[in-house]
Structure formats: C-alpha cells, structure tokens
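Note: the block below is protein.tsv and it holds TSV, C-alpha atoms.
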chain	number	residue	atom	x	y	z
A	1	MET	CA	19.49	95.63	17.84
A	2	LYS	CA	17.25	93.44	15.71
A	3	VAL	CA	19.78	90.60	15.40
A	4	ILE	CA	20.13	90.33	19.16
A	5	LYS	CA	16.33	90.35	19.53
A	6	ASN	CA	16.12	87.43	17.10
A	7	MET	CA	18.73	85.47	19.03
A	8	VAL	CA	17.44	86.12	22.55
A	9	THR	CA	13.90	85.38	23.71
A	10	SER	CA	12.40	86.60	26.97
A	11	ILE	CA	10.54	83.80	28.72
A	12	GLU	CA	7.60	84.03	31.15
A	13	GLN	CA	8.05	82.71	34.71
A	14	LYS	CA	5.68	79.75	34.16
A	15	ILE	CA	7.62	78.60	31.07
A	16	ILE	CA	10.95	79.08	32.88
A	17	GLN	CA	9.77	76.64	35.55
A	18	GLU	CA	8.71	74.08	32.95
A	19	LEU	CA	11.98	74.41	31.02
A	20	THR	CA	14.14	74.04	34.13
A	21	ASP	CA	12.30	70.79	34.88
A	22	LYS	CA	13.41	69.47	31.47
A	23	GLY	CA	17.01	70.68	31.32
A	24	GLU	CA	19.94	70.70	33.74
A	25	ARG	CA	20.83	73.66	35.95
A	26	ILE	CA	24.44	74.70	36.36
A	27	THR	CA	26.24	77.65	37.90
A	28	TYR	CA	29.40	78.87	36.20
A	29	THR	CA	32.11	79.75	38.69
A	30	ALA	CA	34.39	81.52	36.20
A	31	THR	CA	34.03	83.58	33.03
A	32	SER	CA	33.59	81.25	30.08
A	33	ASN	CA	32.62	81.36	26.42
A	34	LEU	CA	29.27	79.66	25.76
A	35	PHE	CA	29.77	79.96	22.01
A	36	TYR	CA	31.69	82.07	19.50
A	37	GLU	CA	30.28	84.22	16.70
A	38	GLY	CA	29.87	82.28	13.48
A	39	GLN	CA	29.23	79.01	15.31
A	40	VAL	CA	26.10	76.96	15.94
A	41	PRO	CA	25.54	76.73	19.73
A	42	VAL	CA	25.99	73.14	20.98
A	43	VAL	CA	23.11	73.58	23.46
A	44	ALA	CA	20.54	76.33	24.19
A	45	TYR	CA	20.83	78.32	27.41
A	46	LEU	CA	18.14	79.75	29.67
A	47	ILE	CA	19.62	82.29	32.06
A	48	LEU	CA	18.24	81.88	35.58
A	49	SER	CA	20.41	84.40	37.42
A	50	GLY	CA	23.44	86.55	36.67
A	51	ASN	CA	24.54	87.91	33.29
A	52	VAL	CA	25.76	86.90	29.86
A	53	HIS	CA	27.57	89.34	27.57
A	54	LEU	CA	26.80	89.17	23.85
A	55	MET	CA	29.92	90.23	21.97
A	56	LYS	CA	30.96	90.99	18.44
A	57	SER	CA	34.63	91.43	17.49
A	58	LYS	CA	35.53	91.24	21.20
A	59	LYS	CA	33.28	94.24	22.02
A	60	ILE	CA	30.24	93.90	24.31
A	61	LYS	CA	27.11	94.71	22.32
A	62	SER	CA	24.52	93.72	24.91
A	63	THR	CA	24.16	92.13	28.34
A	64	ILE	CA	21.29	89.79	28.99
A	65	GLY	CA	19.97	88.55	32.30
A	66	PRO	CA	17.50	86.19	33.99
A	67	GLY	CA	14.61	84.92	31.87
A	68	SER	CA	16.53	85.14	28.58
A	69	LEU	CA	16.69	82.07	26.36
A	70	ILE	CA	19.53	82.01	23.83
A	71	GLY	CA	20.42	79.77	20.93
A	72	VAL	CA	17.27	77.62	20.57
A	73	LYS	CA	16.45	78.66	17.03
A	74	GLU	CA	20.08	78.46	15.88
A	75	LEU	CA	20.59	75.04	17.48
A	76	MET	CA	17.45	73.52	15.99
A	77	LYS	CA	17.84	75.10	12.54
A	78	ASN	CA	21.62	74.67	12.38
A	79	GLU	CA	22.21	78.38	11.92
A	80	ALA	CA	25.30	80.30	12.97
A	81	VAL	CA	24.99	82.96	15.66
A	82	GLU	CA	26.19	86.49	14.95
A	83	PHE	CA	27.48	87.09	18.46
A	84	SER	CA	29.79	85.40	20.90
A	85	ALA	CA	28.30	84.77	24.34
A	86	MET	CA	30.46	85.16	27.42
A	87	ILE	CA	29.03	84.05	30.72
A	88	MET	CA	29.97	85.89	33.90
A	89	PRO	CA	30.96	84.17	37.16
A	90	GLU	CA	28.15	83.00	39.47
A	91	THR	CA	25.64	82.98	36.62
A	92	GLU	CA	23.12	80.15	36.78
A	93	VAL	CA	21.80	78.70	33.54
A	94	CYS	CA	19.62	75.82	32.53
A	95	PHE	CA	20.90	74.17	29.38
A	96	LEU	CA	18.75	72.37	26.88
A	97	SER	CA	20.27	69.96	24.39
A	98	ARG	CA	18.78	69.10	20.99
A	99	SER	CA	17.47	65.86	22.51
A	100	ASP	CA	15.79	67.82	25.34
A	101	ILE	CA	14.12	70.18	22.84
A	102	PHE	CA	12.94	67.28	20.66
A	103	GLU	CA	11.43	65.64	23.76
A	104	ILE	CA	9.60	68.89	24.61
A	105	ILE	CA	8.26	69.22	21.04
A	106	ASP	CA	7.06	65.59	21.04
A	107	GLU	CA	5.13	66.05	24.30
A	108	ASN	CA	2.40	68.04	22.58
A	109	SER	CA	1.93	70.31	25.60
A	110	GLU	CA	1.63	74.06	26.11
A	111	LEU	CA	5.41	74.17	26.42
A	112	SER	CA	5.93	72.33	23.13
A	113	GLU	CA	3.60	74.81	21.42
A	114	HIS	CA	5.62	77.66	22.90
A	115	ILE	CA	8.89	76.17	21.60
A	116	SER	CA	7.37	75.47	18.16
A	117	GLN	CA	6.21	79.11	17.95
A	118	LEU	CA	9.69	80.23	18.87
A	119	LEU	CA	11.17	78.14	16.07
A	120	THR	CA	8.78	79.44	13.44
A	121	ALA	CA	9.04	83.11	14.53
B	1	MET	CA	14.53	68.17	8.64
B	2	ARG	CA	17.23	70.77	9.25
B	3	LYS	CA	19.78	71.71	6.61
B	4	VAL	CA	23.18	70.02	6.93
B	5	LYS	CA	25.97	71.09	4.56
B	6	GLU	CA	27.24	68.25	2.38
B	7	ALA	CA	30.80	68.75	3.73
B	8	ASP	CA	29.55	68.45	7.33
B	9	LYS	CA	27.90	65.05	6.82
B	10	CYS	CA	29.57	62.11	8.60
B	11	GLN	CA	29.85	60.23	5.27
B	12	ASN	CA	32.14	62.99	3.97
B	13	CYS	CA	34.27	63.35	7.11
B	14	PRO	CA	38.00	63.41	6.26
B	15	SER	CA	38.59	61.27	9.36
B	16	LYS	CA	35.95	58.67	8.43
B	17	GLY	CA	37.15	55.20	9.32
B	18	GLN	CA	39.25	56.40	12.26
B	19	GLY	CA	36.55	57.45	14.72
B	20	VAL	CA	34.10	55.81	17.08
B	21	PHE	CA	31.30	55.93	14.48
B	22	CYS	CA	33.27	54.26	11.68
B	23	ASP	CA	31.31	50.98	11.74
B	24	LEU	CA	27.89	52.63	11.30
B	25	GLU	CA	25.91	52.09	8.10
B	26	THR	CA	24.75	54.99	5.89
B	27	PRO	CA	21.22	55.40	7.42
B	28	GLU	CA	22.67	55.65	10.94
B	29	LEU	CA	25.34	58.07	9.74
B	30	ASP	CA	22.59	60.14	8.09
B	31	GLU	CA	20.67	60.27	11.35
B	32	LEU	CA	23.81	61.23	13.23
B	33	SER	CA	24.57	63.99	10.68
B	34	GLN	CA	21.06	65.37	11.27
B	35	HIS	CA	21.51	65.43	15.01
B	36	LYS	CA	25.06	66.72	15.48
B	37	VAL	CA	26.32	70.30	15.50
B	38	THR	CA	29.43	71.05	13.42
B	39	ASN	CA	31.58	74.08	14.19
B	40	LEU	CA	34.90	75.55	13.15
B	41	TYR	CA	37.06	76.61	16.09
B	42	LYS	CA	39.75	79.15	15.31
B	43	LYS	CA	43.24	78.80	16.81
B	44	GLY	CA	43.04	79.62	20.51
B	45	GLN	CA	39.27	79.15	20.91
B	46	THR	CA	38.17	76.75	23.63
B	47	LEU	CA	35.72	73.86	23.20
B	48	PHE	CA	35.30	73.44	26.93
B	49	VAL	CA	36.96	74.69	30.08
B	50	GLN	CA	38.21	72.80	33.14
B	51	GLY	CA	35.49	72.88	35.81
B	52	ASN	CA	32.61	73.28	33.35
B	53	HIS	CA	29.68	70.92	33.04
B	54	PRO	CA	29.92	68.35	30.21
B	55	PHE	CA	27.14	68.60	27.60
B	56	GLY	CA	28.10	65.71	25.33
B	57	LEU	CA	30.76	64.24	23.09
B	58	TYR	CA	33.07	66.16	20.74
B	59	CYS	CA	34.32	64.35	17.65
B	60	VAL	CA	37.22	65.99	15.79
B	61	ASN	CA	36.69	66.22	12.03
B	62	SER	CA	40.04	67.84	11.18
B	63	GLY	CA	42.75	69.83	12.93
B	64	ASN	CA	44.46	69.54	16.30
B	65	ILE	CA	43.33	70.31	19.83
B	66	LYS	CA	45.39	70.48	23.00
B	67	VAL	CA	43.92	69.18	26.23
B	68	THR	CA	45.44	71.02	29.19
B	69	LYS	CA	45.18	70.91	32.94
B	70	THR	CA	45.75	74.00	35.04
B	71	GLY	CA	47.35	73.47	38.42
B	72	PRO	CA	46.65	75.42	41.63
B	73	ASP	CA	49.62	77.68	40.77
B	74	GLY	CA	47.99	78.55	37.42
B	75	LYS	CA	50.57	76.55	35.44
B	76	GLU	CA	49.19	74.84	32.39
B	77	SER	CA	50.36	71.39	31.29
B	78	ILE	CA	49.35	69.55	28.13
B	79	VAL	CA	47.79	66.20	28.91
B	80	ARG	CA	47.33	65.08	25.31
B	81	ILE	CA	46.91	66.24	21.73
B	82	VAL	CA	43.71	65.28	19.94
B	83	LYS	CA	43.59	64.99	16.14
B	84	GLY	CA	41.05	64.24	13.39
B	85	GLY	CA	39.01	61.09	14.16
B	86	ASP	CA	39.55	61.35	17.93
B	87	VAL	CA	36.82	62.05	20.44
B	88	LEU	CA	36.86	64.40	23.40
B	89	GLY	CA	34.80	64.59	26.56
B	90	HIS	CA	34.00	60.85	26.60
B	91	ARG	CA	35.33	60.35	30.13
B	92	SER	CA	33.25	63.12	31.72
B	93	LEU	CA	30.24	61.78	29.81
B	94	PHE	CA	30.09	58.63	31.92
B	95	THR	CA	31.31	59.94	35.25
B	96	SER	CA	29.07	63.06	35.12
B	97	ASP	CA	32.02	64.89	36.67
B	98	TYR	CA	32.86	68.39	35.57
B	99	TYR	CA	35.55	68.63	32.90
B	100	THR	CA	38.93	67.99	34.48
B	101	ALA	CA	40.80	69.66	31.62
B	102	THR	CA	40.45	72.45	29.04
B	103	ALA	CA	40.32	71.76	25.29
B	104	THR	CA	41.75	74.49	23.03
B	105	ALA	CA	42.20	74.49	19.25
B	106	ILE	CA	45.91	74.82	18.35
B	107	GLU	CA	45.01	75.51	14.72
B	108	ASP	CA	41.73	76.06	12.85
B	109	THR	CA	39.83	72.89	13.74
B	110	LYS	CA	36.48	71.47	12.65
B	111	VAL	CA	34.64	69.69	15.45
B	112	CYS	CA	31.26	67.92	15.64
B	113	PHE	CA	29.24	67.83	18.84
B	114	ILE	CA	26.69	65.20	19.86
B	115	ASP	CA	24.61	65.76	22.98
B	116	LYS	CA	24.79	63.41	25.96
B	117	LYS	CA	21.27	61.96	25.71
B	118	TYR	CA	21.68	61.13	22.04
B	119	ILE	CA	25.11	59.53	22.41
B	120	LEU	CA	23.95	57.41	25.37
B	121	LYS	CA	20.94	56.23	23.34
B	122	MET	CA	23.22	55.51	20.38
B	123	MET	CA	25.54	53.45	22.58
B	124	GLN	CA	22.57	51.30	23.61
B	125	ASP	CA	21.32	50.90	20.04
B	126	GLU	CA	24.70	50.45	18.34
B	127	PRO	CA	27.10	48.18	20.23
B	128	SER	CA	29.95	49.03	17.82
B	129	VAL	CA	29.92	52.64	19.09
B	130	SER	CA	30.16	51.42	22.71
B	131	LEU	CA	33.03	49.09	21.82
B	132	HIS	CA	34.93	51.86	20.05
B	133	ILE	CA	34.49	54.16	23.05
B	134	ILE	CA	35.68	51.39	25.43
B	135	ASN	CA	38.65	50.86	23.13
B	136	LYS	CA	39.36	54.60	23.21
B	137	LEU	CA	39.13	54.74	27.01
B	138	SER	CA	41.47	51.73	27.31
B	139	ARG	CA	44.04	53.31	24.99
B	140	ASP	CA	43.82	56.58	26.93
B	141	MET	CA	44.43	54.67	30.14
B	142	GLY	CA	47.43	52.87	28.63
B	143	ALA	CA	48.87	56.19	27.43
B	144	ALA	CA	48.34	57.72	30.89
B	145	GLU	CA	50.12	54.75	32.56
B	146	ASN	CA	53.04	55.08	30.13
B	147	LYS	CA	53.25	58.79	30.84
B	148	VAL	CA	53.34	58.26	34.61
B	149	SER	CA	56.11	55.66	34.32
B	150	SER	CA	58.07	57.91	31.92
B	151	PHE	CA	57.92	60.78	34.40
B	152	HIS	CA	59.20	58.48	37.16
B	153	GLN	CA	61.79	56.43	35.32
B	154	LYS	CA	63.13	58.56	32.47
B	155	ASN	CA	65.27	61.65	32.28
B	156	VAL	CA	64.34	64.70	30.18
B	157	ARG	CA	66.41	63.56	27.17
B	158	GLU	CA	64.60	60.21	27.11
B	159	ARG	CA	61.21	61.83	27.59
B	160	LEU	CA	61.83	64.24	24.71
B	161	ALA	CA	62.88	61.36	22.42
B	162	GLU	CA	59.75	59.46	23.46
B	163	LEU	CA	57.52	62.49	22.81
B	164	LEU	CA	58.98	62.89	19.31
B	165	LEU	CA	58.33	59.20	18.59
B	166	LEU	CA	54.73	59.51	19.83
B	167	LEU	CA	54.20	62.61	17.66
B	168	LYS	CA	55.68	60.68	14.73
B	169	GLU	CA	53.05	57.95	15.27
B	170	SER	CA	50.16	60.41	15.51
B	171	HIS	CA	51.20	63.23	13.15
B	172	GLY	CA	54.18	61.89	11.20
B	173	GLU	CA	54.28	61.99	7.40
B	174	LYS	CA	57.02	60.12	5.54
B	175	VAL	CA	58.89	62.63	3.39
B	176	GLU	CA	61.98	60.61	2.45
B	177	GLU	CA	63.45	57.24	3.34
B	178	ASN	CA	63.66	57.24	7.19
B	179	LYS	CA	62.56	60.87	7.41
B	180	TYR	CA	59.24	61.86	8.96
B	181	ARG	CA	57.75	65.33	9.05
B	182	LEU	CA	55.65	66.07	12.17
B	183	ASN	CA	52.55	67.84	10.87
B	184	ILE	CA	51.81	69.71	14.06
B	185	LYS	CA	52.98	73.14	15.17
B	186	LEU	CA	53.74	73.14	18.88
B	187	THR	CA	55.53	75.96	20.63
B	188	ARG	CA	58.64	75.14	22.69
B	189	GLU	CA	56.62	76.03	25.79
B	190	GLU	CA	53.88	73.55	24.85
B	191	MET	CA	56.44	70.80	24.18
B	192	ALA	CA	58.14	71.55	27.51
B	193	THR	CA	54.87	71.14	29.44
B	194	MET	CA	54.25	67.82	27.66
B	195	ILE	CA	57.43	66.33	29.11
B	196	GLY	CA	57.40	68.21	32.39
B	197	THR	CA	60.46	70.36	31.99
B	198	ALA	CA	61.45	74.00	31.72
B	199	ASN	CA	61.55	75.83	28.38
B	200	GLU	CA	65.29	76.41	28.60
B	201	THR	CA	66.00	72.72	29.20
B	202	LEU	CA	63.83	71.69	26.25
B	203	ILE	CA	65.55	74.20	23.94
B	204	ARG	CA	68.97	72.87	25.04
B	205	PHE	CA	67.97	69.27	24.29
B	206	ILE	CA	66.40	70.18	20.93
B	207	SER	CA	69.75	71.76	19.94
B	208	GLU	CA	71.52	68.59	21.09
B	209	PHE	CA	69.13	66.39	19.05
B	210	LYS	CA	69.77	68.58	15.99
B	211	ASP	CA	73.55	68.50	16.47
B	212	GLU	CA	73.42	64.70	16.73
B	213	GLY	CA	71.39	64.51	13.48
B	214	LEU	CA	68.33	62.95	15.13
B	215	ILE	CA	66.03	65.74	14.04
B	216	GLU	CA	65.95	68.60	11.56
B	217	GLN	CA	63.83	71.73	11.47
B	218	ASP	CA	61.82	73.36	8.71
B	219	GLY	CA	60.64	76.60	10.33
B	220	LYS	CA	58.49	75.52	13.27
B	221	ILE	CA	58.07	72.02	11.88
B	222	ILE	CA	60.26	69.22	13.24
B	223	ILE	CA	61.50	66.46	10.95
B	224	ILE	CA	62.63	63.16	12.43
B	225	ALA	CA	65.83	62.31	10.60
B	226	ASN	CA	67.03	59.21	12.44
B	227	GLU	CA	64.22	57.19	13.98
B	228	GLU	CA	66.40	54.24	15.03
B	229	ARG	CA	68.74	56.36	17.14
B	230	LEU	CA	65.75	58.24	18.55
B	231	ILE	CA	64.31	54.89	19.72
B	232	ASP	CA	67.67	54.15	21.41
B	233	TRP	CA	67.68	57.56	23.07
B	234	ALA	CA	64.06	57.14	24.20
B	235	ASN	CA	65.07	53.97	26.06
B	236	VAL	CA	61.88	52.27	24.87
B	237	THR	CA	61.66	48.82	26.37
B	238	TYR	CA	58.50	47.55	24.68

Take the structure in the file and write it out as structure tokens.
Amino acid sequence: MKVIKNMVTSIEQKIIQELTDKGERITYTATSNLFYEGQVPVVAYLILSGNVHLMKSKKIKSTIGPGSLIGVKELMKNEAVEFSAMIMPETEVCFLSRSDIFEIIDENSELSEHISQLLTA
Amino acid sequence: MRKVKEADKCQNCPSKGQGVFCDLETPELDELSQHKVTNLYKKGQTLFVQGNHPFGLYCVNSGNIKVTKTGPDGKESIVRIVKGGDVLGHRSLFTSDYYTATATAIEDTKVCFIDKKYILKMMQDEPSVSLHIINKLSRDMGAAENKVSSFHQKNVRERLAELLLLLKESHGEKVEENKYRLNIKLTREEMATMIGTANETLIRFISEFKDEGLIEQDGKIIIIANEERLIDWANVTY
C-alpha cells in the first residue's frame, strides 16, 4: 500500500548503526500502542528486532520488521499518521525524539543528508 | 518551520495560566508551540503504559486522564486524575525509571508532548519552568502522603467523603448556592479503586450519602448538595 510505504522507510545497516548511536534503545516486554491513527507520533521509531503491526480500524494492514523507520516525516512535519502502530513483545526499537533529529540535521554529515532526503521525499 | 494549527498553539491553550509554562513570554511560547506535538486521545486510548520507557513530558490541554497502577494480581487502582493544565510523566523524566503507572484518557482529551531533551534544556534556560515542576512534584508528594494516611486512619465512609471533596476542588462547578456539580464522569468501579474498596461497598455508601442529602445525581454526574456536612463526614482535620 502506498500510504504505508510513505510512512515506513527501510534503512541500510550503516545508517541503522549511526541512528542507534544517536537515539536510545529499548525493548518492549508487552504489547503496546506506539501511536494511534490520526495522531502525530511523539517520537520516531527504528525497529531493530521483532515486529510492529500497522493497523487501521483495529485490523492489521501490514507487519514491519527490523530496519524499518517509522514516523520521522510525520513527527518533523506535524502530520497525522493514517495507521495505528502496535508493538509486539520482545521487540527492540531505537527511538528518536524531535531534538535528536534536529541534532542529526545540524551535524551536516552523511546521516543528516539521509534524514533531510527522507523529509523532502 | 513546521505548520502548527492556531488552536494548538500554547498561547491559545484553554488551560493557559494553570500549567508549568504559564510564566513564559510569547516568544518562548512560540518556540515551545513549534517544538511540541499535540494529539487528541479518544476515551480509552493510552498515553503511556506502566513499564514503558519515558520519552518526555505530557501537558494536558483539555479533558481528563486517569493514572492507574496494576498490581501483581492484575487489579487496577487509580492513583490520580489529571485534568487540563496538569503535566504527566514529570517524575519518570528525572529518575529515568520506566513508567510506574499507565495513563488512559477517560474522555476525549487533547494532550501536548514535549521531548525529554527539549524540556531539560528549557528547565535550564527558564527557571520559572523548573520552579513550577518542583511545585508540582511537591504537591503530588503532599497528595500521596494524605492518601497514605487516609488509607490507614479513615474508614470507607470518610474516604468517600474526602474523595468527593477533592473532586469538588479539582472538577467542581458551582451550580447553585452551596451546590457543586462534579464535571467528571467516573464509573463506580473507578471510584471504588480510588478509595480502596469494593464496588458493592461504594454503591452502598453512595446510596447512604444520597439518602442523607449530602449528594445528588444527574445521570452519571454527582452533585455535592451539602459541602459542610460532607466535610464533617470526611473527618478533615486540616
């Protein structure tokens, strides 16, 4: 689905490493809602292991796994997401706050260029 | 600069003047409006869950949120009710502990979120924000101490009277002389967990309060009809 493709970005291994150095890694022990459809995510999430279900009207529309980055564009542009995201137990994510993303953009590195491209895509 | 709806700006917050950011000048409020994320949580949706990692500070724009703790037996008890102008998640922000409670909207609620790095920077730059948060933490601690002593020293009737008086302070609206409408819809189960009793016991005491003319009911809404007697029944010593 095009909307899901817009919301989720697949990230290369090298970029994953750089992003995890910037954000904080956490493992969810229980099922939890990362955000609900119609909301702006409070942080962006990079999935490191496990799965996240993308849902619409309580129905699973897609399941995304390691290397997927969700919510960056929506968080930085203040746009609502069209899907709810439900994280499964034992899924590890790295979360990036708005402040983290601003710091990355200000660094003027390869990573900041990558994030800027993602925001303009 | 990202687009922020006029209604979502801090300057237009219905709870302006009651929150931790109320002493900030317009340029600082503008900057804060640019940085925060504003969302509407529908009744039953959770802002954060007990055991999850804290990302930042939640500031309630309008509506009501219940903060609950789940015990090892799976029983849920309401720790406090958060309304417009209040903040949430401030304790976990400083301790870096995981959330020790779950926050759930009990009606459609508008909430702003500010990430941890930004709020910590703001607290360094704006001492008034730090002072308001310290004030908030101190009040929370006072409320927690009162609650502990109530559970030890008061019976269920007194605890219910005290709860109604507290709800009158936070959500009461004067409708007539000496009559206050509690603008919050809590189920009997939720009220029972707030005073640490069983549903049946709470229902029995609510009937007793109504029979004695202390309270009245308008659908699910409770109206305090005799505050003075309620204070007597609550056995408030301060």

Excluding same-chain residues fewer than 4 positions from region 9-14 of chain B, what lies within 7 Å of it counting only C-alpha atoms, as a ChimeraX atom specification?
/B:4-5,29,33,61-62

Using all atoms listed in the file: which of B:Glu227, B:Glu200, B:Glu212, B:Asp218 has the shortest distance to Val156 (chain B)
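For Val156 (chain B), the nearest of the given residues is B:Glu200.
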
What are the residues of chain A lining chain B at 12 Å or less? Count all atoms listed in the file, and put the answer as an NGL selection string.
:A and (23-45 or 73-81 or 84 or 87 or 89 or 92-103 or 119)

Between CA of Lys69 (chain B) and CA of Thr193 (chain B), what is the distance, to one decimal in Å?
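That distance, rounded to one decimal, is 10.3 Å.
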
Two-atom distance - CA of Ile195 (chain B), CA of Ser149 (chain B) (Å):
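The value is 11.9 Å.
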
Residues near Ser49 (chain A), cut-off 7 Å, all atoms listed in the file, skip fewer than 5 positions along chain, as a PDB file with C-alpha atoms, keeping the file's coordinate frame:
ATOM      1  CA  GLY A  65      19.970  88.550  32.300  1.00  0.00           C
ATOM      2  CA  PRO A  66      17.500  86.190  33.990  1.00  0.00           C
ATOM      3  CA  THR A  91      25.640  82.980  36.620  1.00  0.00           C
ATOM      4  CA  GLU A  92      23.120  80.150  36.780  1.00  0.00           C
TER       5      GLU A  92
END

I want to know what sits within 7 Å of region 5-21 of chain A, based on all atoms listed in the file, with residues of the same chain fewer than 5 positions away left out; could you give that as a ChimeraX atom specification?
/A:67-71,94,111

How far is it from CA of Glu177 (chain B) to CA of Arg159 (chain B), in Å with one decimal?
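Taking CA of Glu177 (chain B) as the start and CA of Arg159 (chain B) as the end point, the length is 24.8 Å.
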
Model the absent atoms of region 20-38 of chain A so that N, CA and C atoms are present, and write the result as a compact mmCIF listing (two decimals), in the coordinates of the input.
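Ended up saving to part_11.txt:
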# COMPACT_ATOMS: atom_id res chain seq x y z
N THR A 20 13.11 74.48 33.18
CA THR A 20 14.14 74.04 34.13
C THR A 20 13.88 72.60 34.59
N ASP A 21 12.61 72.19 34.54
CA ASP A 21 12.30 70.79 34.88
C ASP A 21 12.85 69.83 33.82
N LYS A 22 12.96 70.33 32.59
CA LYS A 22 13.41 69.47 31.47
C LYS A 22 14.93 69.44 31.34
N GLY A 23 15.56 70.61 31.53
CA GLY A 23 17.01 70.68 31.32
C GLY A 23 17.79 70.52 32.61
N GLU A 24 19.09 70.78 32.55
CA GLU A 24 19.94 70.70 33.74
C GLU A 24 20.40 72.09 34.14
N ARG A 25 20.42 72.34 35.45
CA ARG A 25 20.83 73.66 35.95
C ARG A 25 22.30 73.61 36.35
N ILE A 26 23.05 74.62 35.94
CA ILE A 26 24.44 74.70 36.36
C ILE A 26 24.82 76.16 36.66
N THR A 27 25.74 76.31 37.57
CA THR A 27 26.24 77.65 37.90
C THR A 27 27.70 77.72 37.46
N TYR A 28 28.01 78.69 36.66
CA TYR A 28 29.40 78.87 36.20
C TYR A 28 30.17 79.63 37.27
N THR A 29 31.32 79.10 37.63
CA THR A 29 32.11 79.75 38.69
C THR A 29 33.12 80.75 38.12
N ALA A 30 33.41 80.61 36.83
CA ALA A 30 34.39 81.52 36.20
C ALA A 30 33.85 81.99 34.85
N THR A 31 34.42 83.07 34.35
CA THR A 31 34.03 83.58 33.03
C THR A 31 34.34 82.50 31.99
N SER A 32 33.39 82.31 31.08
CA SER A 32 33.59 81.25 30.08
C SER A 32 32.81 81.60 28.81
N ASN A 33 33.33 81.13 27.68
CA ASN A 33 32.62 81.36 26.42
C ASN A 33 31.58 80.27 26.20
N LEU A 34 30.32 80.67 26.02
CA LEU A 34 29.27 79.66 25.76
C LEU A 34 29.35 79.24 24.29
N PHE A 35 29.54 80.23 23.43
CA PHE A 35 29.77 79.96 22.01
C PHE A 35 30.42 81.19 21.38
N TYR A 36 31.01 80.98 20.21
CA TYR A 36 31.69 82.07 19.50
C TYR A 36 30.88 82.49 18.29
N GLU A 37 31.04 83.75 17.87
CA GLU A 37 30.28 84.22 16.70
C GLU A 37 30.65 83.38 15.48
N GLY A 38 29.65 83.10 14.67
CA GLY A 38 29.87 82.28 13.48
C GLY A 38 29.67 80.80 13.72
